[in-house]
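> What follows is data_37.csv; its format and atoms are CSV, C-alpha atoms.
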```csv
chain,number,residue,atom,x,y,z
A,1,ARG,CA,0.0,0.0,0.0
A,2,GLU,CA,3.0,2.3,0.4
A,3,GLY,CA,3.1,4.9,-2.3
A,4,ILE,CA,-0.3,4.2,-3.7
A,5,TYR,CA,-2.5,7.2,-4.3
A,6,ASP,CA,-5.0,7.6,-1.5
A,7,ASP,CA,-8.1,7.4,-3.7
A,8,ASP,CA,-6.9,4.1,-5.2
A,9,ILE,CA,-5.9,2.3,-2.0
A,10,LYS,CA,-9.4,0.9,-1.1
A,11,ARG,CA,-10.1,-0.4,-4.6
A,12,CYS,CA,-6.6,-2.0,-5.0
A,13,THR,CA,-6.7,-3.6,-1.6
A,14,TYR,CA,-10.1,-5.2,-2.3
A,15,THR,CA,-8.9,-6.4,-5.7
A,16,TYR,CA,-5.8,-8.0,-4.2
A,17,LEU,CA,-7.5,-9.6,-1.2
A,18,GLU,CA,-10.3,-11.1,-3.3
A,19,ALA,CA,-7.8,-12.6,-5.7
A,20,PHE,CA,-5.7,-13.9,-2.7
A,21,LYS,CA,-8.6,-15.6,-1.1
A,22,LYS,CA,-9.5,-17.4,-4.4
A,23,ARG,CA,-5.9,-17.9,-5.5
A,24,ILE,CA,-6.7,-16.4,-8.9
A,25,PRO,CA,-4.8,-13.9,-11.1
A,26,PHE,CA,-5.5,-10.2,-10.7
A,27,GLU,CA,-4.8,-7.0,-12.6
A,28,MET,CA,-5.4,-3.4,-11.8
A,29,GLU,CA,-4.5,0.1,-12.7
A,30,TYR,CA,-3.6,2.8,-10.1
A,31,LYS,CA,-1.4,5.8,-9.4
A,32,LEU,CA,1.9,5.1,-7.7
A,33,ARG,CA,4.2,7.7,-6.2
A,34,ARG,CA,7.6,7.8,-7.9
A,35,TYR,CA,10.9,8.5,-6.1
A,36,ASP,CA,10.6,12.2,-6.9
A,37,GLY,CA,7.1,12.4,-5.4
A,38,GLU,CA,5.2,12.4,-8.8
A,39,TYR,CA,2.3,10.1,-9.0
A,40,ARG,CA,2.2,8.1,-12.2
A,41,TRP,CA,-0.3,5.5,-13.6
A,42,VAL,CA,0.9,1.9,-13.5
A,43,TYR,CA,-0.6,-1.4,-14.6
A,44,ASP,CA,-0.1,-4.1,-12.0
A,45,LYS,CA,-0.6,-7.8,-12.8
A,46,GLY,CA,-0.2,-10.8,-10.6
A,47,VAL,CA,-0.5,-14.6,-11.2
A,48,PRO,CA,-0.6,-17.2,-8.4
A,49,LEU,CA,2.4,-19.3,-7.8
A,50,PHE,CA,2.0,-23.0,-6.8
A,51,SER,CA,4.5,-25.6,-5.8
A,52,LYS,CA,4.8,-29.0,-7.6
A,53,ASN,CA,2.4,-30.3,-5.0
A,54,GLY,CA,-0.2,-27.7,-5.7
A,55,VAL,CA,0.6,-25.6,-2.5
A,56,PHE,CA,-0.1,-21.9,-3.0
A,57,GLU,CA,3.2,-20.0,-2.4
A,58,GLY,CA,2.2,-16.5,-3.3
A,59,TYR,CA,2.2,-14.3,-6.4
A,60,ILE,CA,4.5,-13.4,-9.2
A,61,GLY,CA,3.7,-10.0,-10.4
A,62,SER,CA,4.8,-7.2,-12.7
A,63,CYS,CA,4.2,-3.4,-12.7
A,64,THR,CA,4.3,-1.4,-15.9
A,65,ASP,CA,4.3,2.4,-16.3
A,66,ILE,CA,1.2,3.3,-18.4
A,67,ASN,CA,1.2,7.0,-17.5
A,68,ASP,CA,1.5,8.3,-21.0
A,69,ARG,CA,-1.3,6.0,-22.2
A,70,LYS,CA,-3.6,7.1,-19.4
A,71,LEU,CA,-2.9,10.8,-20.1
A,72,ALA,CA,-3.7,10.2,-23.7
A,73,GLU,CA,-6.9,8.4,-22.8
A,74,GLU,CA,-7.9,11.3,-20.5
A,75,LYS,CA,-7.2,13.8,-23.3
A,76,LEU,CA,-9.2,11.7,-25.8
A,77,LEU,CA,-12.1,11.5,-23.4
A,78,GLU,CA,-12.0,15.3,-22.9
A,79,ILE,CA,-12.1,15.8,-26.7
A,80,THR,CA,-14.8,13.2,-27.2
A,81,THR,CA,-16.9,14.8,-24.4
A,82,MET,CA,-16.6,18.2,-26.0
A,83,GLN,CA,-17.4,16.9,-29.5
A,84,THR,CA,-20.5,15.1,-28.1
A,85,ALA,CA,-21.6,18.3,-26.4
A,86,ILE,CA,-21.2,20.3,-29.6
A,87,LEU,CA,-23.0,17.7,-31.7
A,88,ASP,CA,-25.9,17.4,-29.2
A,89,SER,CA,-26.3,21.1,-29.0
A,90,ALA,CA,-26.5,21.6,-32.7
A,91,ASN,CA,-29.9,22.3,-34.2
A,92,HIS,CA,-29.3,19.8,-37.0
A,93,SER,CA,-29.5,16.1,-37.3
A,94,ILE,CA,-26.0,14.8,-37.5
A,95,ILE,CA,-25.5,11.1,-38.4
A,96,SER,CA,-22.2,9.4,-39.3
A,97,THR,CA,-21.8,6.0,-40.8
A,98,THR,CA,-19.1,3.4,-41.7
A,99,SER,CA,-18.1,3.1,-45.3
A,100,GLU,CA,-20.7,0.4,-45.6
A,101,GLY,CA,-23.4,2.7,-44.4
A,102,ILE,CA,-23.9,1.3,-40.8
A,103,ILE,CA,-24.8,4.2,-38.5
A,104,LYS,CA,-22.0,5.0,-36.0
A,105,SER,CA,-23.2,8.2,-34.4
A,106,PHE,CA,-26.7,9.7,-33.9
A,107,ASN,CA,-26.9,13.1,-32.2
A,108,SER,CA,-29.7,14.4,-29.9
A,109,ALA,CA,-31.4,16.3,-32.7
A,110,ALA,CA,-31.6,13.2,-34.8
A,111,GLU,CA,-33.2,11.3,-31.9
A,112,GLU,CA,-35.7,14.1,-31.3
A,113,TRP,CA,-36.6,14.6,-34.9
A,114,LEU,CA,-36.7,10.9,-36.0
A,115,GLY,CA,-38.1,9.3,-32.9
A,116,TYR,CA,-35.3,6.7,-32.6
A,117,LYS,CA,-33.0,6.3,-29.6
A,118,SER,CA,-29.3,6.1,-30.6
A,119,ASP,CA,-29.0,2.5,-29.3
A,120,GLU,CA,-31.8,1.5,-31.7
A,121,VAL,CA,-29.8,2.4,-34.8
A,122,ILE,CA,-26.1,2.6,-34.0
A,123,ASN,CA,-24.4,-0.5,-35.4
A,124,LYS,CA,-27.8,-1.9,-36.4
A,125,ALA,CA,-29.2,0.2,-39.3
A,126,THR,CA,-28.4,2.4,-42.2
A,127,PRO,CA,-29.9,5.8,-42.9
A,128,GLU,CA,-32.1,4.2,-45.5
A,129,ILE,CA,-34.6,3.5,-42.8
A,130,PHE,CA,-35.4,7.3,-42.6
A,131,HIS,CA,-35.9,7.7,-46.3
A,132,ASP,CA,-38.8,7.2,-48.7
A,133,PRO,CA,-38.0,4.3,-51.0
A,134,GLU,CA,-39.6,6.1,-54.0
A,135,GLU,CA,-37.4,9.2,-53.4
A,136,ILE,CA,-34.3,6.9,-53.2
A,137,LYS,CA,-35.3,5.3,-56.5
A,138,LYS,CA,-35.8,8.6,-58.2
A,139,ARG,CA,-32.5,10.0,-56.8
A,140,ALA,CA,-30.7,6.9,-58.1
A,141,GLN,CA,-32.0,7.6,-61.6
A,142,GLU,CA,-30.9,11.3,-61.4
A,143,LEU,CA,-27.4,10.4,-60.2
A,144,SER,CA,-27.0,7.7,-62.8
A,145,LEU,CA,-27.5,10.4,-65.5
A,146,GLU,CA,-25.4,13.0,-63.6
A,147,LEU,CA,-22.5,10.8,-62.8
A,148,GLU,CA,-22.7,8.8,-66.0
A,149,LYS,CA,-22.7,5.5,-64.1
A,150,ASN,CA,-25.3,3.1,-62.9
A,151,ILE,CA,-26.4,4.0,-59.3
A,152,GLU,CA,-28.6,1.3,-57.7
A,153,PRO,CA,-31.4,2.4,-55.4
A,154,GLY,CA,-30.1,2.1,-51.9
A,155,LEU,CA,-27.2,3.5,-50.0
A,156,GLU,CA,-25.4,4.7,-53.1
A,157,ALA,CA,-28.3,7.0,-53.9
A,158,LEU,CA,-27.5,8.8,-50.6
A,159,VAL,CA,-23.7,8.8,-50.8
A,160,GLY,CA,-22.8,8.1,-54.4
A,161,LYS,CA,-22.2,11.8,-55.3
A,162,ALA,CA,-20.2,12.5,-52.1
A,163,ARG,CA,-18.1,9.4,-52.8
A,164,GLN,CA,-16.9,11.2,-56.0
A,165,ARG,CA,-15.6,14.1,-53.8
A,166,ARG,CA,-18.5,16.2,-55.1
A,167,SER,CA,-20.6,18.5,-53.0
A,168,ASP,CA,-24.0,16.8,-52.3
A,169,GLU,CA,-26.8,18.9,-50.8
A,170,HIS,CA,-30.3,17.6,-51.6
A,171,GLU,CA,-33.8,17.9,-50.3
A,172,TRP,CA,-35.2,14.7,-48.9
A,173,THR,CA,-38.3,13.5,-46.9
A,174,TYR,CA,-37.3,12.1,-43.6
A,175,ILE,CA,-39.7,9.4,-42.2
A,176,ARG,CA,-40.0,9.2,-38.4
A,177,LYS,CA,-40.3,6.0,-36.4
A,178,ASP,CA,-44.1,6.6,-36.1
A,179,GLY,CA,-44.5,6.9,-39.9
A,180,THR,CA,-44.9,10.7,-40.1
A,181,SER,CA,-42.6,12.7,-42.3
A,182,PHE,CA,-41.0,16.1,-42.7
A,183,PRO,CA,-38.7,17.7,-45.3
A,184,VAL,CA,-35.0,18.1,-44.8
A,185,LEU,CA,-32.0,19.6,-46.6
A,186,LEU,CA,-29.4,17.0,-46.3
A,187,SER,CA,-25.7,17.6,-46.8
A,188,VAL,CA,-23.5,14.5,-47.2
A,189,THR,CA,-19.7,14.4,-47.1
A,190,THR,CA,-17.1,11.6,-46.9
A,191,LEU,CA,-14.9,10.8,-44.0
A,192,ARG,CA,-11.4,9.9,-45.0
A,193,ASN,CA,-8.2,8.7,-43.3
A,194,PRO,CA,-4.8,10.4,-43.9
A,195,ALA,CA,-4.3,8.1,-46.8
A,196,GLY,CA,-7.4,9.4,-48.5
A,197,ASP,CA,-9.4,6.2,-48.1
A,198,ILE,CA,-13.1,6.5,-47.3
A,199,THR,CA,-13.8,5.5,-43.7
A,200,GLY,CA,-17.4,6.6,-43.6
A,201,PHE,CA,-20.0,9.3,-44.4
A,202,LEU,CA,-21.4,12.2,-42.5
A,203,GLY,CA,-24.9,13.5,-43.1
A,204,ILE,CA,-26.1,16.8,-41.7
A,205,GLY,CA,-29.8,17.5,-42.0
A,206,THR,CA,-31.7,20.8,-41.6
A,207,ASP,CA,-35.4,20.7,-41.0
A,208,ILE,CA,-36.9,22.9,-43.7
A,209,THR,CA,-40.6,22.5,-42.8
A,210,LYS,CA,-41.1,26.2,-42.1
A,211,ARG,CA,-39.4,27.1,-45.3
A,212,LYS,CA,-41.6,24.8,-47.3
A,213,ILE,CA,-44.7,26.2,-45.6
A,214,ALA,CA,-43.5,29.7,-46.4
A,215,GLU,CA,-42.9,28.7,-50.0
A,216,GLU,CA,-46.3,27.2,-50.4
A,217,LEU,CA,-48.0,30.3,-48.8
A,218,GLY,CA,-46.0,32.4,-51.1
A,219,LYS,CA,-47.2,30.5,-54.2
A,220,ARG,CA,-50.8,30.8,-53.0
A,221,TYR,CA,-50.4,34.5,-52.3
A,222,ARG,CA,-48.8,35.2,-55.7
A,223,PHE,CA,-51.7,33.3,-57.3
A,224,ILE,CA,-54.2,35.4,-55.5
A,225,VAL,CA,-52.4,38.7,-56.4
A,226,GLU,CA,-52.0,37.7,-60.0
A,227,SER,CA,-55.7,36.8,-60.3
A,228,ILE,CA,-56.9,40.2,-59.0
A,229,THR,CA,-58.0,42.7,-61.7
A,230,ASP,CA,-56.9,45.7,-59.6
A,231,LEU,CA,-53.5,47.1,-60.3
A,232,ILE,CA,-51.1,46.0,-57.5
A,233,SER,CA,-47.5,46.9,-57.0
A,234,PHE,CA,-45.1,46.5,-54.2
A,235,ILE,CA,-42.6,49.4,-53.6
A,236,GLY,CA,-39.6,49.2,-51.3
A,237,ASN,CA,-38.2,51.8,-48.9
A,238,ASP,CA,-35.8,53.0,-51.7
A,239,TYR,CA,-38.8,53.6,-54.0
A,240,THR,CA,-37.9,50.6,-56.1
A,241,TYR,CA,-40.7,48.3,-57.6
A,242,GLN,CA,-40.3,44.9,-55.9
A,243,ALA,CA,-43.2,43.3,-57.7
A,244,VAL,CA,-46.2,44.1,-59.8
A,245,ASN,CA,-49.2,41.9,-60.7
A,246,ASP,CA,-50.4,40.9,-64.2
A,247,SER,CA,-53.1,43.6,-64.3
A,248,TRP,CA,-50.5,46.3,-63.7
A,249,ARG,CA,-48.2,44.9,-66.4
A,250,ARG,CA,-51.0,44.6,-69.0
A,251,THR,CA,-52.3,48.1,-68.2
A,252,PHE,CA,-48.9,49.8,-68.6
A,253,LEU,CA,-47.7,47.4,-71.3
A,254,ARG,CA,-44.5,46.4,-69.4
A,255,ASN,CA,-43.2,42.9,-68.7
A,256,HIS,CA,-41.8,41.8,-65.3
A,257,GLU,CA,-38.2,42.6,-66.1
A,258,GLU,CA,-39.1,46.2,-67.3
A,259,ALA,CA,-40.9,46.9,-64.0
A,260,THR,CA,-39.2,45.2,-61.1
A,261,GLU,CA,-36.0,46.3,-59.5
A,262,LYS,CA,-36.4,49.8,-61.0
A,263,LYS,CA,-37.1,53.0,-59.2
A,264,ILE,CA,-40.3,54.9,-59.8
A,265,GLY,CA,-38.4,57.8,-61.4
A,266,ASP,CA,-36.7,55.4,-63.8
A,267,ILE,CA,-40.0,54.2,-65.2
A,268,TRP,CA,-42.2,57.3,-65.1
A,269,GLY,CA,-39.5,60.0,-65.3
A,270,GLN,CA,-38.0,62.1,-62.6
A,271,ASP,CA,-40.6,64.9,-63.0
A,272,VAL,CA,-43.3,62.4,-62.0
A,273,PHE,CA,-41.7,61.6,-58.7
```
As structure tokens - that is how I would like this structure written.

Amino acid sequence: REGIYDDDIKRCTYTYLEAFKKRIPFEMEYKLRRYDGEYRWVYDKGVPLFSKNGVFEGYIGSCTDINDRKLAEEKLLEITTMQTAILDSANHSIISTTSEGIIKSFNSAAEEWLGYKSDEVINKATPEIFHDPEEIKKRAQELSLELEKNIEPGLEALVGKARQRRSDEHEWTYIRKDGTSFPVLLSVTTLRNPAGDITGFLGIGTDITKRKIAEELGKRYRFIVESITDLISFIGNDYTYQAVNDSWRRTFLRNHEEATEKKIGDIWGQDVF
């Protein structure tokens, strides 16, 4: 016990005594004080020693300095914890996979949006379970033409473009665990090792439900405005025409390009305004 770090004494003593009682091997890691007073991590291993007659005679052990490894592990844990916190605080679904498409990470937003817990999909599923099969089939056809190679419906429809080191940002319909769906803008990139080999894929999704609703409302609004027989124009704070309806264009015999993004004075003359 001499030299063992105070917080490790109880655990180490228990490990050793239990092994001693049962005459079995033991191993443990703890901090041990060096000659200069510095505590360093060590790996302690012991195996029971028996005589030819089977009489227990004690232990033969070894102690290895593993301080550098433990410090590296602590640093890695710190970095991993920070990365996890960043990923979980992001307002995007962030999903990484192996090169074969098996999900390896699944952040909090992905859990909330899709209704799956991470342990339901990590090492068990591919992102295909979140996608509409018909959309995947259509995307495979589009990529086959774009990349001039046959893309089979499936994982390659999701990662085939990124695999070619090309930017891939595409709108998809994500399907939740309960069967409901919502639109996302999905950006897919490759993960590569220092040698440039693909080790996996990373997909970052943005929920574009509100944008889609706004676009639909905008279409309906424009339809209503274009259908009205009254002359309607929208003028910005800088006295520039932002939009005019069909009745306005027909009345003043001007097309869309001739009217919009021009100031009132440019169209009617400075003396008018």
> List the spatial neighbours of Asp8 in chain A as an mmCIF file with C-alpha atoms, in the frame of the given file - criterion: any atom at most 10 Å away, all atoms listed in the file, same-chain residues fewer than 5 positions off excluded.

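part.cif, freshly written:
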```cif
data_model
loop_
_atom_site.group_PDB
_atom_site.id
_atom_site.type_symbol
_atom_site.label_atom_id
_atom_site.label_comp_id
_atom_site.auth_asym_id
_atom_site.auth_seq_id
_atom_site.Cartn_x
_atom_site.Cartn_y
_atom_site.Cartn_z
ATOM 1 C CA ARG A 1 0.000 0.000 0.000
ATOM 2 C CA THR A 13 -6.700 -3.600 -1.600
ATOM 3 C CA GLU A 29 -4.500 0.100 -12.700
ATOM 4 C CA TYR A 30 -3.600 2.800 -10.100
ATOM 5 C CA LYS A 31 -1.400 5.800 -9.400
ATOM 6 C CA LEU A 32 1.900 5.100 -7.700
#
```
> Could you check which residues have any atom within 9 Å of (-33.6, 10.9, -39.5), counting only C-alpha atoms with coordinates taken straight from the file, and then list them as a list in words?
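Residues with an atom close enough to that point: Ser93, Ile94, Ile95, Phe106, Ala109, Ala110, Glu111, Trp113, Leu114, Gly115, Tyr116, Pro127, Ile129, Phe130, His131, Tyr174, Ile175, Arg176, Lys177 and Gly205 of chain A.
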> Could you check which of A:Glu57, A:Glu135, A:Asp65, A:Glu74 is closest to Tyr43 in chain A, using all atoms listed in the file?
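Ranked by minimum distance to Tyr43 in chain A, first place goes to A:Asp65.
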> Between CA of Leu202 in chain A and CA of Leu158 in chain A, what is the distance, to one decimal in Å?
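Computing the Euclidean distance for CA of Leu202 in chain A and CA of Leu158 in chain A yields 10.7 Å.
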> Return the single residue from A:Thr173, A:Thr97, A:Phe56, A:Asn107 that is closest to Val188 in chain A, with distances computed using only C-alpha atoms.
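Of A:Thr173, A:Thr97, A:Phe56, A:Asn107, the one nearest Val188 in chain A, counting only C-alpha atoms, is A:Thr97.
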> Hey, can you check how far CA of Ile213 in chain A sits from CA of Ser181 in chain A?
14.1 Å
> Which of these, A:Lys138, A:Arg34, A:Lys104, A:Lys75, has the shortest distance to Ile122 in chain A once you count all atoms listed in the file?
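Closest to Ile122 in chain A, using all atoms listed in the file: A:Lys104.
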> Could you work out how far CA of Leu17 in chain A lies from CA of Lys52 in chain A, giving the answer in Å with one decimal?
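Rounded to one decimal, the two atoms are 23.8 Å apart.
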> Show which residues sit within 10 Å of Pro48 in chain A, as a list in words. Count all atoms listed in the file, and ignore same-chain residues fewer than 6 positions away.
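Counting all atoms listed in the file, the residues come to Ala19, Phe20, Lys22, Arg23, Ile24, Pro25, Phe26, Phe56, Glu57, Gly58, Tyr59, Ile60 and Gly61 of chain A.
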> Can you work out which one of A:Thr189, A:Thr98, A:Thr180, A:Asn150 has the shortest atom-to-atom distance to Asp168 in chain A, counting only C-alpha atoms?
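Of all the options, A:Thr189 lies closest to Asp168 in chain A.
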> Determine the nearest neighbour of Lys70 in chain A from the options A:Ile198, A:Val47, A:Val42, A:Leu191, counting all atoms listed in the file.
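With all atoms listed in the file as the atom set, the closest residue is A:Val42.
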> Check the smallest atom-to-atom distance from each of A:Ile235, A:Ile4, A:Leu76, A:Cys12 to Trp41 in chain A using all atoms listed in the file, then report the winner.
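Among the listed residues, A:Ile4 lies closest to Trp41 in chain A.
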> With 12 Å as the threshold, what does the neighbourhood of (-20.4, 10.0, -62.0) contain in terms of residues, counting all atoms listed in the file? Coordinates are those of the file; answer as a VMD selection string.
chain A and resid 140 to 151 156 to 157 159 to 166
> How would the residues just picked look written out with C-alpha atoms as a tab-separated table (two decimals), in the coordinates of the input?

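The result, written out as selection.tsv:
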```tsv
chain	number	residue	atom	x	y	z
A	140	ALA	CA	-30.70	6.90	-58.10
A	141	GLN	CA	-32.00	7.60	-61.60
A	142	GLU	CA	-30.90	11.30	-61.40
A	143	LEU	CA	-27.40	10.40	-60.20
A	144	SER	CA	-27.00	7.70	-62.80
A	145	LEU	CA	-27.50	10.40	-65.50
A	146	GLU	CA	-25.40	13.00	-63.60
A	147	LEU	CA	-22.50	10.80	-62.80
A	148	GLU	CA	-22.70	8.80	-66.00
A	149	LYS	CA	-22.70	5.50	-64.10
A	150	ASN	CA	-25.30	3.10	-62.90
A	151	ILE	CA	-26.40	4.00	-59.30
A	156	GLU	CA	-25.40	4.70	-53.10
A	157	ALA	CA	-28.30	7.00	-53.90
A	159	VAL	CA	-23.70	8.80	-50.80
A	160	GLY	CA	-22.80	8.10	-54.40
A	161	LYS	CA	-22.20	11.80	-55.30
A	162	ALA	CA	-20.20	12.50	-52.10
A	163	ARG	CA	-18.10	9.40	-52.80
A	164	GLN	CA	-16.90	11.20	-56.00
A	165	ARG	CA	-15.60	14.10	-53.80
A	166	ARG	CA	-18.50	16.20	-55.10
```
